[in-house]
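Here's data_25.pdb, which has PDB, C-alpha atoms:
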```pdb
ATOM      1  CA  MET X  72       4.666  -7.396  37.099
ATOM      2  CA  ASN X  73       7.479  -8.189  34.666
ATOM      3  CA  LYS X  74       6.750  -8.153  30.948
ATOM      4  CA  PRO X  75       7.025 -11.525  29.195
ATOM      5  CA  ASN X  76      10.358 -12.185  27.509
ATOM      6  CA  TYR X  77       9.099 -13.031  24.038
ATOM      7  CA  GLN X  78      12.596 -13.570  22.644
ATOM      8  CA  ARG X  79      13.185 -16.284  25.234
ATOM      9  CA  VAL X  80       9.834 -17.867  24.381
ATOM     10  CA  LEU X  81      10.787 -17.831  20.686
ATOM     11  CA  GLU X  82      14.169 -19.416  21.365
ATOM     12  CA  GLN X  83      12.532 -22.199  23.359
ATOM     13  CA  THR X  84      10.142 -22.889  20.468
ATOM     14  CA  LEU X  85      12.965 -22.902  17.926
ATOM     15  CA  THR X  86      15.004 -25.317  20.062
ATOM     16  CA  LYS X  87      12.112 -27.799  20.018
ATOM     17  CA  ILE X  88      11.674 -27.399  16.262
ATOM     18  CA  LYS X  89      15.395 -27.936  15.648
ATOM     19  CA  ALA X  90      15.334 -31.152  17.673
ATOM     20  CA  VAL X  91      12.559 -32.495  15.437
ATOM     21  CA  THR X  92      14.205 -31.483  12.146
ATOM     22  CA  ASP X  93      17.624 -32.748  13.282
ATOM     23  CA  ALA X  94      15.936 -36.105  13.844
ATOM     24  CA  GLY X  95      14.735 -36.086  10.246
ATOM     25  CA  GLY X  96      11.390 -34.340  10.583
ATOM     26  CA  ALA X  97      10.180 -31.796   8.017
ATOM     27  CA  PRO X  98      10.450 -28.107   8.869
ATOM     28  CA  PRO X  99       7.074 -26.728  10.009
ATOM     29  CA  LYS X 100       5.128 -24.292   7.819
ATOM     30  CA  LEU X 101       5.061 -20.659   8.931
ATOM     31  CA  LEU X 102       2.845 -17.910   7.540
ATOM     32  CA  LEU X 103       4.754 -14.680   8.104
ATOM     33  CA  HIS X 104       2.765 -11.484   7.838
ATOM     34  CA  SER X 105       5.136  -8.805   6.543
ATOM     35  CA  CYS X 106       4.692  -5.052   6.751
ATOM     36  CA  CYS X 107       7.608  -4.325   4.379
ATOM     37  CA  ALA X 108      10.764  -5.858   2.914
ATOM     38  CA  PRO X 109      13.249  -4.107   5.255
ATOM     39  CA  CYS X 110      11.398  -5.345   8.348
ATOM     40  CA  SER X 111      11.147  -8.847   6.892
ATOM     41  CA  SER X 112      14.855  -9.058   6.073
ATOM     42  CA  TYR X 113      16.237 -10.044   9.471
ATOM     43  CA  VAL X 114      13.163 -12.108  10.313
ATOM     44  CA  LEU X 115      13.597 -14.190   7.158
ATOM     45  CA  GLU X 116      17.326 -14.545   7.763
ATOM     46  CA  TYR X 117      16.579 -15.775  11.282
ATOM     47  CA  LEU X 118      13.515 -17.978  10.794
ATOM     48  CA  SER X 119      14.196 -19.533   7.383
ATOM     49  CA  GLN X 120      16.674 -21.825   9.140
ATOM     50  CA  TYR X 121      13.763 -23.446  10.978
ATOM     51  CA  PHE X 122      10.624 -23.056   8.851
ATOM     52  CA  ARG X 123       9.185 -23.317   5.369
ATOM     53  CA  ILE X 124       7.938 -19.748   5.123
ATOM     54  CA  THR X 125       5.216 -18.076   3.115
ATOM     55  CA  VAL X 126       5.407 -14.294   3.329
ATOM     56  CA  PHE X 127       1.912 -12.841   3.485
ATOM     57  CA  TYR X 128       1.829  -9.229   2.364
ATOM     58  CA  TYR X 129      -1.452  -7.854   3.688
ATOM     59  CA  ASN X 130      -1.381  -4.131   4.476
ATOM     60  CA  PRO X 131      -4.585  -2.270   3.531
ATOM     61  CA  ASN X 132      -3.456   0.587   5.802
ATOM     62  CA  ILE X 133      -0.733   1.804   3.430
ATOM     63  CA  TYR X 134      -1.164   5.200   1.797
ATOM     64  CA  PRO X 135      -0.984   6.170  -1.025
ATOM     65  CA  GLU X 136      -1.456   3.301  -3.469
ATOM     66  CA  GLU X 137       1.836   4.119  -5.224
ATOM     67  CA  GLU X 138       3.591   3.549  -1.899
ATOM     68  CA  TYR X 139       1.797   0.251  -1.462
ATOM     69  CA  ARG X 140       2.837  -0.954  -4.925
ATOM     70  CA  MET X 141       6.440   0.055  -4.298
ATOM     71  CA  ARG X 142       6.553  -1.901  -1.032
ATOM     72  CA  VAL X 143       5.020  -5.000  -2.629
ATOM     73  CA  LYS X 144       7.611  -4.934  -5.399
ATOM     74  CA  GLU X 145      10.464  -4.487  -2.893
ATOM     75  CA  GLN X 146       9.191  -7.445  -0.855
ATOM     76  CA  GLN X 147       9.002  -9.730  -3.878
ATOM     77  CA  GLU X 148      12.441  -8.668  -5.068
ATOM     78  CA  PHE X 149      14.047  -9.359  -1.700
ATOM     79  CA  ILE X 150      12.523 -12.843  -1.507
ATOM     80  CA  ARG X 151      13.781 -13.558  -5.032
ATOM     81  CA  ARG X 152      17.333 -12.511  -4.176
ATOM     82  CA  PHE X 153      17.645 -13.828  -0.619
ATOM     83  CA  PRO X 154      19.577 -17.150  -0.355
ATOM     84  CA  ALA X 155      17.398 -18.879   2.261
ATOM     85  CA  LYS X 156      18.088 -22.380   3.601
ATOM     86  CA  ASN X 157      14.458 -23.358   2.952
ATOM     87  CA  PRO X 158      12.323 -22.023   0.049
ATOM     88  CA  ILE X 159      10.359 -18.826   0.762
ATOM     89  CA  PHE X 160       7.022 -18.266  -0.942
ATOM     90  CA  PHE X 161       4.977 -15.088  -1.372
ATOM     91  CA  GLU X 162       1.275 -14.347  -1.177
ATOM     92  CA  GLU X 163      -0.323 -10.927  -1.503
ATOM     93  CA  GLY X 164      -3.524 -10.094   0.356
ATOM     94  CA  VAL X 165      -6.310  -7.878  -0.933
ATOM     95  CA  TYR X 166      -5.473  -4.179  -0.939
ATOM     96  CA  ASP X 167      -8.789  -2.791   0.278
ATOM     97  CA  THR X 168      -8.159   0.473   2.135
ATOM     98  CA  GLY X 169     -11.809   0.588   3.154
ATOM     99  CA  GLN X 170     -11.069  -2.182   5.672
ATOM    100  CA  PHE X 171      -8.480   0.007   7.368
ATOM    101  CA  TYR X 172     -10.559   3.189   7.380
ATOM    102  CA  ALA X 173     -13.469   1.260   8.902
ATOM    103  CA  ILE X 174     -11.436   0.179  11.935
ATOM    104  CA  ALA X 175      -9.764   3.622  12.219
ATOM    105  CA  LYS X 176     -13.049   5.532  12.259
ATOM    106  CA  GLY X 177     -13.273   7.829  15.269
ATOM    107  CA  LEU X 178      -9.566   7.361  16.047
ATOM    108  CA  GLU X 179      -8.143   9.571  13.310
ATOM    109  CA  MET X 180      -6.593  12.044  15.753
ATOM    110  CA  ILE X 181      -5.050   9.437  18.072
ATOM    111  CA  PRO X 182      -1.209   9.685  17.991
ATOM    112  CA  GLU X 183       0.711   6.837  16.390
ATOM    113  CA  GLY X 184       1.238   3.948  18.787
ATOM    114  CA  GLY X 185      -2.217   4.120  20.364
ATOM    115  CA  GLU X 186      -5.570   2.388  19.972
ATOM    116  CA  ARG X 187      -5.784   2.988  16.214
ATOM    117  CA  CYS X 188      -2.531   1.087  15.740
ATOM    118  CA  PHE X 189      -3.732  -1.743  17.978
ATOM    119  CA  ARG X 190      -6.836  -2.126  15.805
ATOM    120  CA  CYS X 191      -4.608  -2.128  12.736
ATOM    121  CA  TYR X 192      -2.480  -4.896  14.278
ATOM    122  CA  GLU X 193      -5.631  -6.938  14.822
ATOM    123  CA  LEU X 194      -6.953  -6.326  11.311
ATOM    124  CA  ARG X 195      -3.800  -7.686   9.735
ATOM    125  CA  LEU X 196      -3.209 -10.519  12.199
ATOM    126  CA  ARG X 197      -6.797 -11.684  11.928
ATOM    127  CA  GLU X 198      -6.436 -11.967   8.148
ATOM    128  CA  ALA X 199      -3.129 -13.812   8.590
ATOM    129  CA  GLY X 200      -4.662 -16.183  11.134
ATOM    130  CA  ALA X 201      -7.546 -17.017   8.814
ATOM    131  CA  LEU X 202      -5.173 -17.728   5.916
ATOM    132  CA  ALA X 203      -2.921 -19.827   8.169
ATOM    133  CA  ARG X 204      -5.904 -21.976   9.125
ATOM    134  CA  GLU X 205      -7.079 -22.336   5.520
ATOM    135  CA  GLY X 206      -3.572 -23.180   4.309
ATOM    136  CA  GLY X 207      -2.823 -25.759   6.995
ATOM    137  CA  PHE X 208       0.095 -23.822   8.457
ATOM    138  CA  ASP X 209       1.698 -24.891  11.733
ATOM    139  CA  TYR X 210       2.403 -21.323  12.875
ATOM    140  CA  PHE X 211       1.769 -17.717  11.953
ATOM    141  CA  THR X 212       3.364 -14.479  13.128
ATOM    142  CA  THR X 213       4.256 -10.962  11.971
ATOM    143  CA  THR X 214       7.386  -8.920  11.308
ATOM    144  CA  LEU X 215       5.848  -5.882  13.038
ATOM    145  CA  SER X 216       7.606  -6.416  16.373
ATOM    146  CA  ILE X 217      10.985  -5.665  14.796
ATOM    147  CA  SER X 218      10.171  -1.953  14.824
ATOM    148  CA  PRO X 219      11.136  -0.018  17.977
ATOM    149  CA  LEU X 220       7.874   1.918  17.429
ATOM    150  CA  LYS X 221       5.635  -1.164  17.630
ATOM    151  CA  ASN X 222       4.224  -2.600  20.847
ATOM    152  CA  ALA X 223       5.484  -6.196  20.973
ATOM    153  CA  GLU X 224       3.435  -7.034  24.058
ATOM    154  CA  LYS X 225       0.220  -5.954  22.342
ATOM    155  CA  LEU X 226       1.127  -7.763  19.119
ATOM    156  CA  ASN X 227       1.742 -11.020  20.969
ATOM    157  CA  GLU X 228      -1.403 -10.632  23.037
ATOM    158  CA  ILE X 229      -3.542 -10.108  19.916
ATOM    159  CA  GLY X 230      -1.773 -12.777  17.882
ATOM    160  CA  THR X 231      -2.032 -15.408  20.610
ATOM    161  CA  ARG X 232      -5.738 -14.709  21.092
ATOM    162  CA  ILE X 233      -6.405 -15.013  17.354
ATOM    163  CA  GLY X 234      -4.293 -18.166  17.192
ATOM    164  CA  GLU X 235      -6.451 -19.772  19.885
ATOM    165  CA  GLU X 236      -9.592 -18.765  17.967
ATOM    166  CA  VAL X 237      -8.440 -20.204  14.623
ATOM    167  CA  GLY X 238      -6.538 -23.204  15.974
ATOM    168  CA  VAL X 239      -3.083 -22.261  14.674
ATOM    169  CA  ASN X 240      -0.061 -21.594  16.888
ATOM    170  CA  TYR X 241       0.956 -17.945  17.042
ATOM    171  CA  LEU X 242       4.753 -17.746  17.082
ATOM    172  CA  GLN X 243       5.413 -15.367  19.961
ATOM    173  CA  SER X 244       8.390 -13.123  19.285
ATOM    174  CA  ASP X 245      10.013  -9.733  19.675
ATOM    175  CA  PHE X 246      12.248  -9.475  16.648
ATOM    176  CA  LYS X 247      13.880  -6.206  17.690
ATOM    177  CA  LYS X 248      15.735  -8.129  20.418
ATOM    178  CA  LYS X 249      19.283  -9.423  19.896
ATOM    179  CA  ASN X 250      19.955  -6.412  17.633
ATOM    180  CA  GLY X 251      17.256  -7.555  15.226
ATOM    181  CA  TYR X 252      16.316  -4.040  14.164
ATOM    182  CA  LYS X 253      19.981  -3.102  13.708
ATOM    183  CA  ARG X 254      20.549  -6.202  11.584
ATOM    184  CA  SER X 255      17.515  -5.354   9.445
ATOM    185  CA  THR X 256      19.039  -1.952   8.624
ATOM    186  CA  GLU X 257      22.328  -3.646   7.694
ATOM    187  CA  ILE X 258      20.623  -6.108   5.352
ATOM    188  CA  SER X 259      18.600  -3.266   3.827
ATOM    189  CA  ARG X 260      21.821  -1.451   2.971
ATOM    190  CA  GLU X 261      23.412  -4.625   1.601
ATOM    191  CA  TYR X 262      20.484  -5.136  -0.778
ATOM    192  CA  GLY X 263      19.998  -1.455  -1.589
ATOM    193  CA  MET X 264      16.398  -1.572  -0.379
ATOM    194  CA  TYR X 265      13.907   1.241  -0.386
ATOM    195  CA  ARG X 266      13.227   2.163   3.266
ATOM    196  CA  GLN X 267      10.140   4.271   3.899
ATOM    197  CA  ASP X 268      10.242   7.015   6.545
ATOM    198  CA  TYR X 269       6.736   6.458   7.938
ATOM    199  CA  CYS X 270       4.769   3.439   9.098
ATOM    200  CA  GLY X 271       2.343   3.375   6.217
ATOM    201  CA  CYS X 272      -1.086   4.863   6.883
ATOM    202  CA  VAL X 273      -2.211   8.369   5.961
ATOM    203  CA  TYR X 274      -2.161   9.395   9.626
ATOM    204  CA  SER X 275       1.469   8.356  10.160
ATOM    205  CA  TYR X 276       2.285  10.000   6.805
ATOM    206  CA  ARG X 277       0.844  13.291   8.012
ATOM    207  CA  GLU X 278       2.627  13.038  11.371
ATOM    208  CA  ARG X 279       5.971  12.390   9.682
ATOM    209  CA  HIS X 280       5.594  15.300   7.259
ATOM    210  CA  LYS X 281       4.476  17.629  10.040
ATOM    211  CA  ILE X 282       7.730  16.795  11.885
ATOM    212  CA  LYS X 283       9.734  17.369   8.694
TER     213      LYS X 283
END
```
Write the structure described by the file as structure tokens, please.
Amino acid sequence: MNKPNYQRVLEQTLTKIKAVTDAGGAPPKLLLHSCCAPCSSYVLEYLSQYFRITVFYYNPNIYPEEEYRMRVKEQQEFIRRFPAKNPIFFEEGVYDTGQFYAIAKGLEMIPEGGERCFRCYELRLREAGALAREGGFDYFTTTLSISPLKNAEKLNEIGTRIGEEVGVNYLQSDFKKKNGYKRSTEISREYGMYRQDYCGCVYSYRERHKIK
């Protein structure tokens, strides 16, 4: 069975949105969960042409707290400097690492990219879905699929399921396609961004430093 082509699905959605806005309609509201500024860079460049975006920075998995604060600051600074077609807003979620450790319990030794990561996807997407419903957003999605290390099929499966539960469209996507990841590295260099060398949690931190 062939995997879904999420980039094609995204392009079809954007074509419909463009037809509405070209006819004078207002751009729809998108809540974009962001894992970090570098990953958000290409996604914002791409999607801000079509949506009014609020970047939702909710990442209770990040370790240590100094790293978390650095990534928040970098995200806010990029939004401030980026010349988007439509305004981009920012909202920070609650940094409660206990939420992450609760869902990771018993999976501490699982290699990165496995079940622990899938639970982390769901933790963050569920929070984004709830906020999207409360805020009256038309869509929500995440920047996570831009990473070659993230499972886009799993992200879209989880996001779509949550979207159906909360009554908000999940914007299916695979942002690494069409050289999305490559473009994100180019934008990061252009803006002199801080780029971390591990996903974010203490387990990925340990894996990265063991390799080093």
Practice item. Would you write out, as a PyMOL selection string, every residue that the PyMOL selection byres ((chain X and resi 255) around 8) captures in this file? Key: chain X and resi 109-113+251-254+256-259
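The spacing separating atom CA of Phe149 of chain X from atom CA of Tyr134 of chain X amounts to 21.3 Å.
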Cut-off 12 Å around (4.9, -2.4, 20.9) with all atoms listed in the file: residues as an mmCIF file with C-alpha atoms, in the frame of the given file:
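As a result, part.cif now contains:
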```
data_model
loop_
_atom_site.group_PDB
_atom_site.id
_atom_site.type_symbol
_atom_site.label_atom_id
_atom_site.label_comp_id
_atom_site.auth_asym_id
_atom_site.auth_seq_id
_atom_site.Cartn_x
_atom_site.Cartn_y
_atom_site.Cartn_z
ATOM 1 C CA LYS X 74 6.750 -8.153 30.948
ATOM 2 C CA TYR X 77 9.099 -13.031 24.038
ATOM 3 C CA GLU X 183 0.711 6.837 16.390
ATOM 4 C CA GLY X 184 1.238 3.948 18.787
ATOM 5 C CA GLY X 185 -2.217 4.120 20.364
ATOM 6 C CA GLU X 186 -5.570 2.388 19.972
ATOM 7 C CA CYS X 188 -2.531 1.087 15.740
ATOM 8 C CA PHE X 189 -3.732 -1.743 17.978
ATOM 9 C CA TYR X 192 -2.480 -4.896 14.278
ATOM 10 C CA THR X 214 7.386 -8.920 11.308
ATOM 11 C CA LEU X 215 5.848 -5.882 13.038
ATOM 12 C CA SER X 216 7.606 -6.416 16.373
ATOM 13 C CA ILE X 217 10.985 -5.665 14.796
ATOM 14 C CA SER X 218 10.171 -1.953 14.824
ATOM 15 C CA PRO X 219 11.136 -0.018 17.977
ATOM 16 C CA LEU X 220 7.874 1.918 17.429
ATOM 17 C CA LYS X 221 5.635 -1.164 17.630
ATOM 18 C CA ASN X 222 4.224 -2.600 20.847
ATOM 19 C CA ALA X 223 5.484 -6.196 20.973
ATOM 20 C CA GLU X 224 3.435 -7.034 24.058
ATOM 21 C CA LYS X 225 0.220 -5.954 22.342
ATOM 22 C CA LEU X 226 1.127 -7.763 19.119
ATOM 23 C CA ASN X 227 1.742 -11.020 20.969
ATOM 24 C CA GLU X 228 -1.403 -10.632 23.037
ATOM 25 C CA ILE X 229 -3.542 -10.108 19.916
ATOM 26 C CA SER X 244 8.390 -13.123 19.285
ATOM 27 C CA ASP X 245 10.013 -9.733 19.675
ATOM 28 C CA PHE X 246 12.248 -9.475 16.648
ATOM 29 C CA LYS X 247 13.880 -6.206 17.690
#
```
Between atom CA of Gly230 of chain X and atom CA of His104 of chain X lies a distance of 11.1 Å
- Query: If we count all atoms listed in the file, what is near Asn240 of chain X at a cut-off of 8 Å, once residues fewer than 3 positions away on the same chain are taken out, given as a PyMOL selection string?
  - Reply: chain X and resi 209-211+231+234-235
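If only C-alpha atoms are the atoms counted, then among X:Asp93, X:Pro158, X:Glu136, X:Glu145 the closest residue to Leu115 of chain X is X:Pro158.
Take the candidates X:Cys107, X:Ala94, X:Leu101, X:Leu85 and check each one against Asp268 of chain X using all atoms listed in the file; the shortest distance goes to X:Cys107.
Reported to one decimal place, the separation of atom CA of Ser119 of chain X from atom CA of Thr213 of chain X is 13.9 Å.
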Can you take the partial segment 207-231 of chain X, add N, CA, C and O atoms, and return it as a PDB file, in the coordinates of the input?
```
ATOM      1  N   GLY X 207      -3.407 -24.662   6.236  1.00  0.00           N
ATOM      2  CA  GLY X 207      -2.823 -25.759   6.995  1.00  0.00           C
ATOM      3  C   GLY X 207      -1.436 -25.458   7.539  1.00  0.00           C
ATOM      4  O   GLY X 207      -0.588 -26.351   7.644  1.00  0.00           O
ATOM      5  N   PHE X 208      -1.201 -24.199   7.902  1.00  0.00           N
ATOM      6  CA  PHE X 208       0.095 -23.822   8.457  1.00  0.00           C
ATOM      7  C   PHE X 208       0.207 -24.265   9.915  1.00  0.00           C
ATOM      8  O   PHE X 208      -0.792 -24.374  10.632  1.00  0.00           O
ATOM      9  N   ASP X 209       1.444 -24.501  10.341  1.00  0.00           N
ATOM     10  CA  ASP X 209       1.698 -24.891  11.733  1.00  0.00           C
ATOM     11  C   ASP X 209       1.770 -23.681  12.654  1.00  0.00           C
ATOM     12  O   ASP X 209       1.423 -23.773  13.834  1.00  0.00           O
ATOM     13  N   TYR X 210       2.242 -22.555  12.101  1.00  0.00           N
ATOM     14  CA  TYR X 210       2.403 -21.323  12.875  1.00  0.00           C
ATOM     15  C   TYR X 210       2.083 -20.122  11.992  1.00  0.00           C
ATOM     16  O   TYR X 210       2.162 -20.208  10.766  1.00  0.00           O
ATOM     17  N   PHE X 211       1.779 -19.000  12.650  1.00  0.00           N
ATOM     18  CA  PHE X 211       1.769 -17.717  11.953  1.00  0.00           C
ATOM     19  C   PHE X 211       2.309 -16.663  12.908  1.00  0.00           C
ATOM     20  O   PHE X 211       2.290 -16.822  14.137  1.00  0.00           O
ATOM     21  N   THR X 212       2.856 -15.592  12.327  1.00  0.00           N
ATOM     22  CA  THR X 212       3.364 -14.479  13.128  1.00  0.00           C
ATOM     23  C   THR X 212       3.516 -13.270  12.213  1.00  0.00           C
ATOM     24  O   THR X 212       3.126 -13.306  11.052  1.00  0.00           O
ATOM     25  N   THR X 213       4.087 -12.188  12.746  1.00  0.00           N
ATOM     26  CA  THR X 213       4.256 -10.962  11.971  1.00  0.00           C
ATOM     27  C   THR X 213       5.638 -10.371  12.190  1.00  0.00           C
ATOM     28  O   THR X 213       6.252 -10.575  13.251  1.00  0.00           O
ATOM     29  N   THR X 214       6.097  -9.623  11.203  1.00  0.00           N
ATOM     30  CA  THR X 214       7.386  -8.920  11.308  1.00  0.00           C
ATOM     31  C   THR X 214       7.273  -7.637  12.122  1.00  0.00           C
ATOM     32  O   THR X 214       8.285  -7.016  12.434  1.00  0.00           O
ATOM     33  N   LEU X 215       6.063  -7.209  12.453  1.00  0.00           N
ATOM     34  CA  LEU X 215       5.848  -5.882  13.038  1.00  0.00           C
ATOM     35  C   LEU X 215       6.658  -5.624  14.300  1.00  0.00           C
ATOM     36  O   LEU X 215       7.061  -4.482  14.562  1.00  0.00           O
ATOM     37  N   SER X 216       6.917  -6.652  15.096  1.00  0.00           N
ATOM     38  CA  SER X 216       7.606  -6.416  16.373  1.00  0.00           C
ATOM     39  C   SER X 216       9.070  -6.025  16.199  1.00  0.00           C
ATOM     40  O   SER X 216       9.727  -5.658  17.182  1.00  0.00           O
ATOM     41  N   ILE X 217       9.589  -6.064  14.980  1.00  0.00           N
ATOM     42  CA  ILE X 217      10.985  -5.665  14.796  1.00  0.00           C
ATOM     43  C   ILE X 217      11.161  -4.155  14.939  1.00  0.00           C
ATOM     44  O   ILE X 217      12.252  -3.668  15.258  1.00  0.00           O
ATOM     45  N   SER X 218      10.082  -3.413  14.735  1.00  0.00           N
ATOM     46  CA  SER X 218      10.171  -1.953  14.824  1.00  0.00           C
ATOM     47  C   SER X 218      10.196  -1.490  16.277  1.00  0.00           C
ATOM     48  O   SER X 218       9.366  -1.920  17.083  1.00  0.00           O
ATOM     49  N   PRO X 219      11.116  -0.586  16.623  1.00  0.00           N
ATOM     50  CA  PRO X 219      11.136  -0.018  17.977  1.00  0.00           C
ATOM     51  C   PRO X 219       9.865   0.775  18.288  1.00  0.00           C
ATOM     52  O   PRO X 219       9.576   1.062  19.452  1.00  0.00           O
ATOM     53  N   LEU X 220       9.091   1.128  17.243  1.00  0.00           N
ATOM     54  CA  LEU X 220       7.874   1.918  17.429  1.00  0.00           C
ATOM     55  C   LEU X 220       6.631   1.054  17.618  1.00  0.00           C
ATOM     56  O   LEU X 220       5.546   1.585  17.855  1.00  0.00           O
ATOM     57  N   LYS X 221       6.784  -0.274  17.505  1.00  0.00           N
ATOM     58  CA  LYS X 221       5.635  -1.164  17.630  1.00  0.00           C
ATOM     59  C   LYS X 221       5.620  -1.838  19.004  1.00  0.00           C
ATOM     60  O   LYS X 221       6.664  -2.188  19.545  1.00  0.00           O
ATOM     61  N   ASN X 222       4.430  -2.038  19.519  1.00  0.00           N
ATOM     62  CA  ASN X 222       4.224  -2.600  20.847  1.00  0.00           C
ATOM     63  C   ASN X 222       4.222  -4.131  20.772  1.00  0.00           C
ATOM     64  O   ASN X 222       3.210  -4.736  20.413  1.00  0.00           O
ATOM     65  N   ALA X 223       5.351  -4.737  21.096  1.00  0.00           N
ATOM     66  CA  ALA X 223       5.484  -6.196  20.973  1.00  0.00           C
ATOM     67  C   ALA X 223       4.538  -6.924  21.917  1.00  0.00           C
ATOM     68  O   ALA X 223       3.989  -7.983  21.559  1.00  0.00           O
ATOM     69  N   GLU X 224       4.330  -6.379  23.109  1.00  0.00           N
ATOM     70  CA  GLU X 224       3.435  -7.034  24.058  1.00  0.00           C
ATOM     71  C   GLU X 224       2.014  -7.100  23.503  1.00  0.00           C
ATOM     72  O   GLU X 224       1.342  -8.125  23.579  1.00  0.00           O
ATOM     73  N   LYS X 225       1.565  -5.994  22.913  1.00  0.00           N
ATOM     74  CA  LYS X 225       0.220  -5.954  22.342  1.00  0.00           C
ATOM     75  C   LYS X 225       0.115  -6.880  21.129  1.00  0.00           C
ATOM     76  O   LYS X 225      -0.888  -7.583  20.956  1.00  0.00           O
ATOM     77  N   LEU X 226       1.127  -6.883  20.295  1.00  0.00           N
ATOM     78  CA  LEU X 226       1.127  -7.763  19.119  1.00  0.00           C
ATOM     79  C   LEU X 226       1.013  -9.233  19.523  1.00  0.00           C
ATOM     80  O   LEU X 226       0.229  -9.987  18.939  1.00  0.00           O
ATOM     81  N   ASN X 227       1.780  -9.631  20.528  1.00  0.00           N
ATOM     82  CA  ASN X 227       1.742 -11.020  20.969  1.00  0.00           C
ATOM     83  C   ASN X 227       0.433 -11.372  21.656  1.00  0.00           C
ATOM     84  O   ASN X 227      -0.079 -12.483  21.506  1.00  0.00           O
ATOM     85  N   GLU X 228      -0.108 -10.417  22.384  1.00  0.00           N
ATOM     86  CA  GLU X 228      -1.403 -10.632  23.037  1.00  0.00           C
ATOM     87  C   GLU X 228      -2.496 -10.860  21.991  1.00  0.00           C
ATOM     88  O   GLU X 228      -3.276 -11.810  22.082  1.00  0.00           O
ATOM     89  N   ILE X 229      -2.535  -9.993  20.978  1.00  0.00           N
ATOM     90  CA  ILE X 229      -3.542 -10.108  19.916  1.00  0.00           C
ATOM     91  C   ILE X 229      -3.319 -11.378  19.095  1.00  0.00           C
ATOM     92  O   ILE X 229      -4.254 -12.133  18.817  1.00  0.00           O
ATOM     93  N   GLY X 230      -2.074 -11.611  18.704  1.00  0.00           N
ATOM     94  CA  GLY X 230      -1.773 -12.777  17.882  1.00  0.00           C
ATOM     95  C   GLY X 230      -2.085 -14.089  18.574  1.00  0.00           C
ATOM     96  O   GLY X 230      -2.645 -15.012  17.957  1.00  0.00           O
ATOM     97  N   THR X 231      -1.769 -14.185  19.855  1.00  0.00           N
ATOM     98  CA  THR X 231      -2.032 -15.408  20.610  1.00  0.00           C
ATOM     99  C   THR X 231      -3.526 -15.652  20.736  1.00  0.00           C
ATOM    100  O   THR X 231      -4.001 -16.794  20.584  1.00  0.00           O
TER     101      THR X 231
END
```
